[in-house]
file entry-v7.cif (mmCIF, C-alpha atoms)
data_query
#
loop_
_atom_site.label_atom_id
_atom_site.label_comp_id
_atom_site.auth_asym_id
_atom_site.auth_seq_id
_atom_site.Cartn_x
_atom_site.Cartn_y
_atom_site.Cartn_z
CA MET A 15 96.37 97.42 134.29
CA HIS A 16 94.20 97.06 137.37
CA ALA A 17 94.28 93.29 137.24
CA VAL A 18 98.04 93.39 137.12
CA ALA A 19 98.34 95.84 139.96
CA ARG A 20 95.83 94.08 142.16
CA ASP A 21 97.19 90.61 141.71
CA ASN A 22 100.82 91.42 142.03
CA GLY A 23 101.05 93.99 144.74
CA PRO A 24 104.53 94.76 145.96
CA VAL A 25 106.36 91.72 144.60
CA ALA A 26 108.87 90.95 141.88
CA PRO A 27 107.86 91.65 138.28
CA GLY A 28 105.22 89.15 137.23
CA PRO A 29 104.30 88.16 133.68
CA GLY A 30 102.04 91.20 133.32
CA SER A 31 104.28 93.75 135.01
CA LEU A 32 105.38 96.82 133.15
CA GLU A 33 109.00 95.68 133.41
CA THR A 34 108.19 92.37 131.73
CA LEU A 35 106.07 94.11 129.12
CA LEU A 36 108.96 96.44 128.26
CA GLU A 37 111.22 93.48 127.76
CA ARG A 38 108.74 92.08 125.25
CA VAL A 39 108.40 95.50 123.63
CA SER A 40 112.17 95.63 123.17
CA ARG A 41 111.81 92.52 121.02
CA GLY A 42 109.22 94.22 118.82
CA ASP A 43 106.09 92.84 120.48
CA GLN A 44 103.31 95.26 119.52
CA GLN A 45 100.72 93.50 121.65
CA ALA A 46 102.88 94.07 124.71
CA PHE A 47 103.25 97.69 123.67
CA ASP A 48 99.48 98.01 123.53
CA SER A 49 99.36 96.96 127.19
CA VAL A 50 102.08 99.45 128.04
CA TYR A 51 100.00 102.11 126.36
CA THR A 52 97.00 101.21 128.50
CA ALA A 53 99.06 101.39 131.66
CA VAL A 54 100.84 104.68 131.06
CA ALA A 55 99.12 106.83 128.43
CA GLY A 56 96.73 108.49 130.88
CA SER A 57 99.49 109.56 133.25
CA VAL A 58 101.79 110.70 130.45
CA LEU A 59 99.02 112.74 128.88
CA GLY A 60 97.87 114.19 132.19
CA LEU A 61 101.38 115.22 133.15
CA ALA A 62 102.08 116.73 129.74
CA HIS A 63 98.82 118.61 129.89
CA ARG A 64 99.59 119.89 133.37
CA VAL A 65 102.97 121.21 132.27
CA LEU A 66 102.07 122.43 128.80
CA ARG A 67 98.42 123.42 129.30
CA ASP A 68 97.79 123.12 125.60
CA PRO A 69 95.81 119.96 124.73
CA ALA A 70 97.22 119.69 121.21
CA GLN A 71 100.82 119.96 122.38
CA SER A 72 100.12 117.58 125.24
CA GLU A 73 98.91 114.95 122.81
CA GLU A 74 101.94 115.47 120.64
CA VAL A 75 104.25 115.03 123.58
CA THR A 76 102.35 111.94 124.70
CA GLN A 77 102.72 110.46 121.25
CA GLU A 78 106.43 111.30 121.22
CA VAL A 79 106.99 109.77 124.63
CA LEU A 80 105.19 106.55 123.75
CA ILE A 81 107.10 106.19 120.52
CA GLU A 82 110.30 106.86 122.47
CA VAL A 83 109.32 104.02 124.81
CA TRP A 84 108.91 101.75 121.80
CA ARG A 85 112.19 102.93 120.31
CA SER A 86 114.35 102.62 123.40
CA ALA A 87 112.64 99.87 125.41
CA ALA A 88 115.85 97.83 125.16
CA ARG A 89 117.64 100.58 127.06
CA PHE A 90 115.40 100.43 130.08
CA ASP A 91 117.45 99.09 132.97
CA ALA A 92 115.42 97.67 135.84
CA GLY A 93 118.45 98.13 138.07
CA ARG A 94 117.98 101.87 137.92
CA GLY A 95 114.35 102.17 138.86
CA SER A 96 110.85 101.04 138.00
CA ALA A 97 109.60 101.00 134.43
CA MET A 98 106.91 103.47 135.39
CA ALA A 99 109.43 105.94 136.79
CA TRP A 100 111.56 105.54 133.65
CA ILE A 101 108.61 106.35 131.41
CA MET A 102 107.36 109.22 133.54
CA THR A 103 110.86 110.70 133.66
CA LEU A 104 110.96 110.59 129.86
CA ALA A 105 107.55 112.24 129.81
CA HIS A 106 108.42 114.98 132.27
CA ARG A 107 111.69 115.80 130.53
CA ARG A 108 110.03 116.02 127.18
CA ALA A 109 107.22 118.21 128.45
CA VAL A 110 109.70 120.42 130.27
CA ASP A 111 111.96 120.70 127.22
CA ARG A 112 109.02 121.89 125.26
CA VAL A 113 107.78 124.33 127.80
CA ARG A 114 111.23 125.82 128.14
CA SER A 115 111.40 126.59 124.47
CA ALA A 116 110.14 130.09 123.79
CA GLN A 117 107.84 129.00 121.03
CA ALA A 118 105.84 126.71 123.25
CA SER A 119 105.39 129.21 126.04
CA ALA A 120 103.99 131.74 123.62
CA ASP A 121 101.57 129.24 122.15
CA ARG A 122 100.38 127.53 125.24
CA GLU A 123 98.84 130.48 126.99
CA GLN A 124 96.82 131.30 123.89
CA ARG A 125 95.59 127.80 123.40
CA ALA A 126 95.04 126.94 127.03
CA ALA A 127 91.33 127.49 126.79
CA ALA A 128 90.64 124.30 124.84
CA ARG A 129 88.67 121.74 126.81
CA ASP A 130 89.61 118.23 127.84
CA HIS A 131 88.18 115.24 126.10
CA SER A 132 85.39 113.50 127.87
CA PRO A 133 86.41 110.16 129.32
CA ALA A 134 85.80 106.99 127.35
CA PHE A 135 83.04 104.85 128.65
CA ASP A 136 85.05 101.78 129.64
CA GLU A 137 87.60 103.81 131.58
CA VAL A 138 85.41 104.36 134.60
CA SER A 139 87.29 101.94 136.82
CA GLU A 140 90.60 103.51 135.92
CA GLN A 141 89.14 106.76 137.04
CA VAL A 142 88.38 105.29 140.43
CA GLU A 143 92.03 104.41 140.78
CA ARG A 144 93.14 107.78 139.54
CA ARG A 145 90.81 109.48 141.90
CA LEU A 146 92.21 107.52 144.81
CA GLU A 147 95.72 108.31 143.73
CA ARG A 148 94.77 111.95 143.41
CA GLU A 149 93.20 112.03 146.83
CA GLN A 150 96.23 110.44 148.42
CA VAL A 151 98.62 112.79 146.68
CA ARG A 152 96.48 115.74 147.60
CA ARG A 153 96.42 114.66 151.22
CA CYS A 154 100.17 114.22 151.27
CA LEU A 155 100.77 117.53 149.50
CA GLY A 156 98.64 119.03 152.24
CA GLN A 157 101.18 117.87 154.80
CA LEU A 158 103.98 119.90 153.23
CA THR A 159 104.79 123.41 154.32
CA GLU A 160 103.50 126.03 151.95
CA LEU A 161 106.96 126.74 150.61
CA GLN A 162 107.69 123.05 150.04
CA ARG A 163 104.38 122.56 148.28
CA GLU A 164 104.70 125.61 146.07
CA SER A 165 108.26 124.74 145.15
CA VAL A 166 107.36 121.16 144.19
CA ASN A 167 104.28 122.33 142.28
CA LEU A 168 106.15 124.93 140.27
CA ALA A 169 109.03 122.60 139.46
CA TYR A 170 107.08 119.48 138.61
CA TYR A 171 103.71 120.61 137.35
CA ARG A 172 104.89 123.78 135.64
CA GLY A 173 108.34 122.74 134.58
CA TYR A 174 110.12 125.65 136.26
CA THR A 175 113.83 125.40 137.00
CA TYR A 176 114.70 125.91 140.64
CA ARG A 177 116.05 129.35 139.74
CA GLU A 178 112.73 130.32 138.20
CA THR A 179 110.98 128.83 141.20
CA ALA A 180 113.10 130.90 143.59
CA ASP A 181 112.42 133.98 141.52
CA VAL A 182 108.66 133.49 141.46
CA LEU A 183 108.54 132.76 145.18
CA GLY A 184 110.97 135.54 146.08
CA THR A 185 113.10 133.04 147.99
CA ALA A 186 116.83 132.37 148.15
CA LEU A 187 118.15 129.75 145.70
CA GLY A 188 119.55 127.61 148.48
CA THR A 189 116.20 127.60 150.25
CA VAL A 190 114.37 126.39 147.15
CA LYS A 191 116.91 123.61 146.58
CA THR A 192 116.42 122.47 150.12
CA ARG A 193 112.62 122.77 150.00
CA LEU A 194 112.43 120.74 146.79
CA ARG A 195 114.41 118.02 148.47
CA ASP A 196 112.81 117.91 151.89
CA GLY A 197 109.37 118.43 150.35
CA LEU A 198 109.84 115.40 148.11
CA ILE A 199 111.24 113.39 151.00
CA ARG A 200 108.18 114.16 153.05
CA LEU A 201 105.95 113.23 150.13
CA ARG A 202 107.88 110.02 149.64
CA ASP A 203 107.32 109.05 153.26
CA CYS A 204 103.67 110.05 153.24
CA LEU A 205 102.98 108.11 150.03
CA GLY A 206 104.93 105.12 151.25
CA VAL A 207 107.20 105.11 148.20
CA THR A 208 109.96 102.55 148.50
CA SER A 209 112.73 101.58 146.18
CA MET B 16 128.39 123.96 143.86
CA ASN B 17 131.58 122.00 144.21
CA ASP B 18 130.99 121.28 147.81
CA SER B 19 129.65 117.75 148.02
CA ALA B 20 127.20 118.46 150.84
CA ASP B 21 125.79 121.30 148.78
CA LEU B 22 125.55 119.05 145.73
CA HIS B 23 123.67 116.49 147.72
CA THR B 24 120.82 118.91 148.34
CA LEU B 25 120.25 118.97 144.57
CA THR B 26 118.69 115.49 144.55
CA GLY B 27 115.21 117.02 144.73
CA ALA B 28 115.77 119.56 141.99
CA TYR B 29 117.45 116.89 139.82
CA ALA B 30 114.58 114.43 140.30
CA LEU B 31 112.16 117.16 139.24
CA ASP B 32 114.21 118.17 136.17
CA ALA B 33 114.58 121.62 137.71
CA LEU B 34 118.30 122.09 137.00
CA SER B 35 119.82 123.83 134.03
CA PRO B 36 121.45 121.45 131.51
CA ALA B 37 124.93 122.33 132.79
CA GLU B 38 123.99 121.78 136.42
CA ALA B 39 122.21 118.55 135.57
CA ALA B 40 125.30 117.26 133.80
CA GLU B 41 127.50 118.16 136.74
CA PHE B 42 125.12 116.56 139.18
CA ALA B 43 124.91 113.43 137.03
CA ARG B 44 128.69 113.09 137.29
CA HIS B 45 128.41 113.47 141.02
CA LEU B 46 125.73 110.77 141.14
CA ALA B 47 128.09 108.27 139.58
CA GLU B 48 130.32 108.60 142.63
CA CYS B 49 127.64 108.90 145.27
CA PRO B 50 125.55 105.75 145.81
CA ALA B 51 123.53 107.45 148.56
CA CYS B 52 122.60 110.28 146.19
CA SER B 53 121.66 107.80 143.45
CA GLN B 54 119.42 105.93 145.83
CA GLU B 55 117.77 109.15 146.94
CA VAL B 56 117.25 110.32 143.36
CA ARG B 57 115.62 106.99 142.53
CA GLU B 58 113.23 107.34 145.43
CA LEU B 59 112.43 110.95 144.68
CA ARG B 60 111.82 110.11 141.00
CA GLU B 61 109.50 107.35 142.12
CA THR B 62 107.74 109.94 144.29
CA ALA B 63 107.49 112.43 141.42
CA THR B 64 105.92 109.66 139.34
CA ARG B 65 103.13 109.51 141.86
CA LEU B 66 102.55 113.20 141.25
CA ALA B 67 102.02 112.30 137.61
CA PHE B 68 99.43 109.60 138.39
CA ALA B 69 97.52 112.17 140.33
CA VAL B 70 96.91 114.24 137.21
CA ALA B 71 96.23 111.35 134.83
CA GLN B 72 93.64 111.92 132.13
CA VAL B 73 91.74 109.66 129.83
CA PRO B 74 93.50 109.80 126.46
CA PRO B 75 91.38 110.74 123.45
CA PRO B 76 90.17 107.70 121.49
CA GLY B 77 92.31 108.26 118.38
CA LEU B 78 95.62 108.53 120.20
CA ARG B 79 96.19 104.82 120.67
CA ASP B 80 95.70 104.14 116.97
CA ARG B 81 97.98 106.98 115.95
CA VAL B 82 100.74 105.64 118.16
CA MET B 83 100.24 102.00 117.15
CA TRP B 84 100.21 102.85 113.44
CA SER B 85 103.49 104.66 113.65
CA LEU B 86 105.37 101.77 115.30
CA PRO B 87 106.30 99.84 112.14
CA GLU B 88 108.15 102.91 110.90
CA VAL B 89 110.18 103.40 114.07
CA ARG B 90 113.46 101.53 114.29
CA GLN B 91 114.06 100.12 117.74
CA LEU B 92 117.38 100.85 119.40
CA PRO B 93 119.64 98.01 120.50
CA PRO B 94 120.52 97.73 124.20
CA LEU B 95 123.21 100.08 125.41
CA VAL B 96 126.53 98.40 125.95
CA VAL B 97 128.40 101.43 127.24
CA GLU B 98 126.82 103.46 130.01
CA PRO B 99 126.05 106.99 128.93
CA VAL B 100 127.24 109.79 131.21
CA VAL B 101 123.86 111.47 131.32
CA VAL B 102 122.12 108.64 133.17
CA PRO B 103 124.64 107.19 135.56
CA LEU B 104 122.13 105.93 138.08
CA ARG B 105 123.88 102.86 139.36
CA GLY B 106 123.16 101.09 142.53
CA PRO B 107 121.88 97.92 144.04
CA ARG B 108 119.03 96.25 142.27
CA TRP B 109 115.98 97.35 144.03
CA ARG B 110 112.58 96.00 144.55
CA GLN B 111 110.40 96.07 141.51
CA ARG B 112 106.78 96.72 141.60
CA LEU B 113 103.96 98.55 139.98
CA PRO B 114 103.77 101.66 142.08
CA TYR B 115 100.41 102.94 141.01
CA LEU B 116 98.42 100.77 143.34
CA ALA B 117 100.90 100.68 146.14
CA ALA B 118 98.48 101.78 148.79
CA ALA B 119 96.91 98.76 150.38
CA ALA B 120 93.88 100.90 151.05
CA CYS B 121 93.14 100.77 147.37
CA LEU B 122 92.45 97.05 147.35
CA ALA B 123 88.82 97.25 148.32
CA ILE B 124 87.92 99.88 145.84
CA ALA B 125 90.05 98.32 143.15
CA ALA B 126 87.98 95.18 143.51
CA GLY B 127 84.83 97.24 143.37
CA ALA B 128 86.15 99.16 140.45
CA GLY B 129 86.90 96.02 138.52
CA VAL B 130 83.36 94.89 139.00
CA TRP B 131 82.21 98.33 138.05
CA ALA B 132 84.16 98.04 134.85
CA VAL B 133 82.70 94.62 134.10
CA GLN B 134 79.25 95.84 134.89
CA ALA B 135 79.75 98.98 132.89
CA GLN B 136 80.91 96.84 129.98
CA ARG B 137 77.80 94.71 130.29
CA ASP B 138 75.77 97.85 130.39
CA ALA B 139 77.63 99.07 127.36
CA ASP B 140 76.81 95.88 125.49
CA ARG B 141 73.19 96.30 126.41
CA ALA B 142 73.36 99.95 125.47
CA ARG B 143 74.57 98.96 122.05
CA ASP B 144 71.51 96.75 121.80
CA GLY B 145 69.41 99.81 122.35
CA ASN B 146 69.19 100.06 126.11
CA ILE B 147 69.39 103.79 126.43
CA GLN B 148 68.87 103.68 130.18
CA ALA B 149 72.04 101.72 130.84
CA GLU B 150 73.97 104.04 128.62
CA GLN B 151 72.66 107.02 130.52
CA ARG B 152 73.48 105.40 133.86
CA ALA B 153 77.04 104.58 132.84
CA SER B 154 77.46 108.07 131.52
CA ASP B 155 76.25 109.47 134.84
CA LEU B 156 78.73 107.32 136.76
CA GLU B 157 81.48 108.42 134.45
CA THR B 158 80.58 112.07 134.83
CA LEU B 159 80.49 111.66 138.58
CA MET B 160 83.95 110.10 138.65
CA ALA B 161 85.33 112.93 136.57
CA ALA B 162 83.85 115.64 138.79
CA PRO B 163 86.63 117.80 140.24
CA ASP B 164 85.05 117.72 143.69
CA ALA B 165 84.26 113.99 143.73
CA THR B 166 85.27 112.35 147.00
CA LEU B 167 85.67 108.67 147.80
CA ARG B 168 85.01 107.14 151.17
CA THR B 169 85.37 103.46 151.84
CA GLY B 170 83.61 101.40 154.49
CA SER B 171 83.17 97.77 155.36
CA MET B 172 79.93 95.98 155.87
CA ARG B 173 79.08 94.26 159.10
CA GLY B 174 79.09 90.57 158.20
CA GLY B 175 81.44 90.93 155.24
CA GLY B 176 81.87 92.87 152.03
CA GLY B 177 82.55 96.53 151.61
CA ALA B 178 81.79 99.56 149.53
CA THR B 179 83.03 102.93 148.44
CA VAL B 180 80.78 105.93 148.30
CA VAL B 181 81.63 108.43 145.58
CA SER B 182 79.89 111.76 145.89
CA SER B 183 79.99 115.15 144.26
CA GLN B 184 78.23 118.09 145.83
CA ARG B 185 78.64 120.03 142.63
CA LEU B 186 76.84 117.43 140.53
CA GLY B 187 74.49 116.52 143.35
CA ARG B 188 75.12 112.83 142.70
CA THR B 189 76.34 109.91 144.77
CA ALA B 190 77.37 106.42 143.70
CA PHE B 191 77.65 103.28 145.78
CA VAL B 192 80.37 100.89 144.56
CA TYR B 193 80.10 97.60 146.42
CA HIS B 194 81.76 94.23 146.52
CA ASP B 195 81.30 90.86 148.25
CA LEU B 196 78.01 91.72 149.91
CA PRO B 197 76.70 88.72 151.90
CA PRO B 198 73.81 87.17 149.93
CA LEU B 199 70.39 87.81 151.45
CA GLY B 200 68.11 85.33 149.69
CA THR B 201 64.97 86.43 147.89
CA ALA B 202 62.97 87.89 150.78
CA ARG B 203 65.33 90.68 151.74
CA VAL B 204 67.32 93.45 150.04
CA TYR B 205 70.01 95.96 150.85
CA GLN B 206 68.58 99.45 150.97
CA LEU B 207 70.57 102.67 150.70
CA TRP B 208 69.86 105.81 152.70
CA TYR B 209 71.13 109.31 153.03
CA SER B 210 71.61 110.22 156.66
CA GLN B 211 70.75 113.83 157.32
CA ASN B 212 70.73 115.26 160.81
CA GLY B 213 69.88 111.86 162.21
CA SER B 214 67.01 111.12 159.85
CA MET B 215 67.28 108.54 157.10
CA ILE B 216 66.14 109.41 153.59
CA PRO B 217 65.57 106.46 151.21
CA ALA B 218 68.09 106.45 148.36
CA GLY B 219 67.27 103.26 146.49
CA LEU B 220 67.78 99.51 146.63
CA VAL B 221 70.85 97.51 145.70
CA THR B 222 69.87 95.29 142.78
CA PRO B 223 68.55 92.13 144.47
CA GLY B 224 70.85 89.13 144.29
CA ARG B 225 73.82 91.17 143.21
CA THR B 226 76.92 91.02 145.45
CA ASP B 227 79.22 93.25 143.41
CA GLY B 228 78.39 96.33 141.42
CA ALA B 229 77.92 100.04 141.29
CA GLN B 230 74.86 102.21 141.29
CA LEU B 231 73.80 105.79 141.58
CA LEU B 232 71.76 106.77 144.61
CA ALA B 233 68.35 108.30 144.20
CA GLY B 234 68.56 111.95 145.19
CA GLY B 235 71.59 114.07 145.90
CA PRO B 236 74.07 114.32 148.77
CA ARG B 237 73.27 117.91 149.66
CA GLY B 238 72.83 118.26 153.39
CA ALA B 239 73.59 114.58 153.99
CA ASP B 240 76.40 113.59 156.34
CA ALA B 241 76.56 109.89 155.52
CA VAL B 242 75.28 107.06 153.37
CA GLY B 243 73.84 104.14 155.29
CA VAL B 244 72.91 100.61 154.29
CA THR B 245 70.23 98.50 155.96
CA VAL B 246 68.70 95.11 155.30
CA GLU B 247 65.03 95.45 154.46
CA PRO B 248 62.19 93.22 153.29
CA SER B 249 62.04 92.76 149.53
CA GLY B 250 60.82 95.97 147.91
CA GLY B 251 62.38 98.19 150.56
CA SER B 252 60.94 100.24 153.43
CA PRO B 253 60.02 103.89 153.92
CA THR B 254 62.10 103.97 157.12
CA PRO B 255 64.89 101.67 158.25
CA SER B 256 63.57 98.59 160.05
CA GLY B 257 66.87 97.89 161.81
CA PRO B 258 70.29 99.34 162.55
CA PRO B 259 72.52 100.00 159.55
CA VAL B 260 74.98 97.29 158.47
CA MET B 261 77.24 100.00 157.13
CA VAL B 262 77.59 103.76 157.44
CA VAL B 263 79.97 105.71 155.22
CA PRO B 264 80.39 109.39 156.07
CA ILE B 265 80.40 111.83 153.19
CA PRO B 266 82.01 115.26 153.31
CA SER B 267 79.44 118.05 153.18
#

call {"tool": "encode", "arguments": {"input": "entry-v7.cif", "output": "structure tokens"}}
result
Amino acid sequence: MHAVARDNGPVAPGPGSLETLLERVSRGDQQAFDSVYTAVAGSVLGLAHRVLRDPAQSEEVTQEVLIEVWRSAARFDAGRGSAMAWIMTLAHRRAVDRVRSAQASADREQRAAARDHSPAFDEVSEQVERRLEREQVRRCLGQLTELQRESVNLAYYRGYTYRETADVLGTALGTVKTRLRDGLIRLRDCLGVTS
Amino acid sequence: MNDSADLHTLTGAYALDALSPAEAAEFARHLAECPACSQEVRELRETATRLAFAVAQVPPPGLRDRVMWSLPEVRQLPPLVVEPVVVPLRGPRWRQRLPYLAAAACLAIAAGAGVWAVQAQRDADRARDGNIQAEQRASDLETLMAAPDATLRTGSMRGGGGATVVSSQRLGRTAFVYHDLPPLGTARVYQLWYSQNGSMIPAGLVTPGRTDGAQLLAGGPRGADAVGVTVEPSGGSPTPSGPPVMVVPIPS
């Protein structure tokens, strides 16, 4: 994953890019899928865990998302966005679907106490990258107004609808809609996201 | 809701999956007719993806196997010929890239990290042969990286090369991840120091002859405002014998 990212930088999909890997996966290439797993599993799991809180459910969702990637790799369309965004959208939706079901919300608070797994030994370098990513995101989140930041946090990391977000924040619906949008736009500019 | 300007403000909520199913479906129909909205949703989704990287975790060891084992039983779908209504994100083909290392600032540390990984792997191999020390060291590095308060600061070395200093006040540990250090020959070494109120406290030597690697500093970062590097005679010195070739501030 790092080798790919370092060597390629912001250029067209190379032989090791996630887009190319997905194309191979769509033809049943399990080795390519293994590389996809390496590139995305940590983010999928982390996001699911953030939304669901429950480690067991987070793992289930991660497994579901990855299998969904295997199943529908042929339906990924590079014209619509990056492979990473496609996978993370699948992951977020699935986590959010779960959290919005009553069953999950009852369970997750009870089971939230379980601890994370300790990192595997050969993942140290990935952690450096994650840490950098985290620092950058944290810095950029810090540049949002409080209302923007809280709205984005509640919607993305907790899976709230914008109505729930407005309710929790005691803010008008229209304001939350606008804050979600201009907050993300500010984040996009701060993070240098292009598409 | 039917007003198009009003609909347009929903790009953020849509990208964050914060609409009800009915609203999402309505907005998806709108997207099909609004290239500007589609473009914005793509960018905001890309941005949300970065929020996901920021909370990445190391998956438990068994997960990969569980996923891989289940693949042979999962039938893969053929490509879609007809566009579904739920994902009508059309638009110009846009630049592809791996977004997770987009920041150019990451390059230096990524290089260092790669070396760290290689070195850690070597250490792991040695650990398997019974070198408990290496195992312990790698485990310390790993714990440091996972610390919630760990900070990273990157600096470049006068004369070439660079390094990132990872420190955690909570753990009281600091690591020095370096790459491309100019070789010094056998008579001299790079020495690490904590800088504290203007005085330099010895914090260990970079393994002689090594240009890329990672190591934990002797002692903790408490009270220190920076990590400095000097060139010293082989074996190191009790106080710096010259000006530092690199100083990396650390948050206190």

call {"tool": "residues_around", "arguments": {"input": "entry-v7.cif", "residues": "Gly243 (chain B)", "least_positions_apart": "3", "cutoff": "12 Å", "atoms": "all atoms listed in the file", "output": "VMD selection string"}}
result
chain B and resid 170 to 173 178 to 180 191 205 to 211 213 to 220 232 239 to 240 246 254 to 255 257 to 265

call {"tool": "resolve_selection", "arguments": {"input": "entry-v7.cif", "expression": "the PyMOL selection byres ((chain A and resi 169-172) around 6)", "output": "ChimeraX atom specification"}}
result
/A:64-65,166-168,173-174 /B:31,33

call {"tool": "residues_around", "arguments": {"input": "entry-v7.cif", "residues": "Pro248 (chain B)", "least_positions_apart": "6", "cutoff": "8 Å", "atoms": "all atoms listed in the file", "output": "ChimeraX atom specification"}}
result
/B:202-204

call {"tool": "resolve_selection", "arguments": {"input": "entry-v7.cif", "expression": "the PyMOL selection byres ((chain B and resi 82) around 9)", "output": "ChimeraX atom specification"}}
result
/A:51,77-78,80-81 /B:77-81,83-86

call {"tool": "resolve_selection", "arguments": {"input": "entry-v7.cif", "expression": "the PyMOL selection byres ((chain A and resi 55-63) around 10)", "output": "NGL selection string"}}
result
(:A and (49-54 or 64-77 or 79-80 or 98 or 101-110 or 112-113 or 126 or 130 or 140-141 or 144 or 170-173)) or (:B and (64-75 or 78-79))

call {"tool": "atom_distance", "arguments": {"input": "entry-v7.cif", "atom1": "CA of Glu55 (chain B)", "atom2": "CA of Gln162 (chain A)"}}
result
17.4 Å

call {"tool": "atom_distance", "arguments": {"input": "entry-v7.cif", "atom1": "CA of Leu194 (chain A)", "atom2": "CA of Gly27 (chain B)"}}
result
5.1 Å
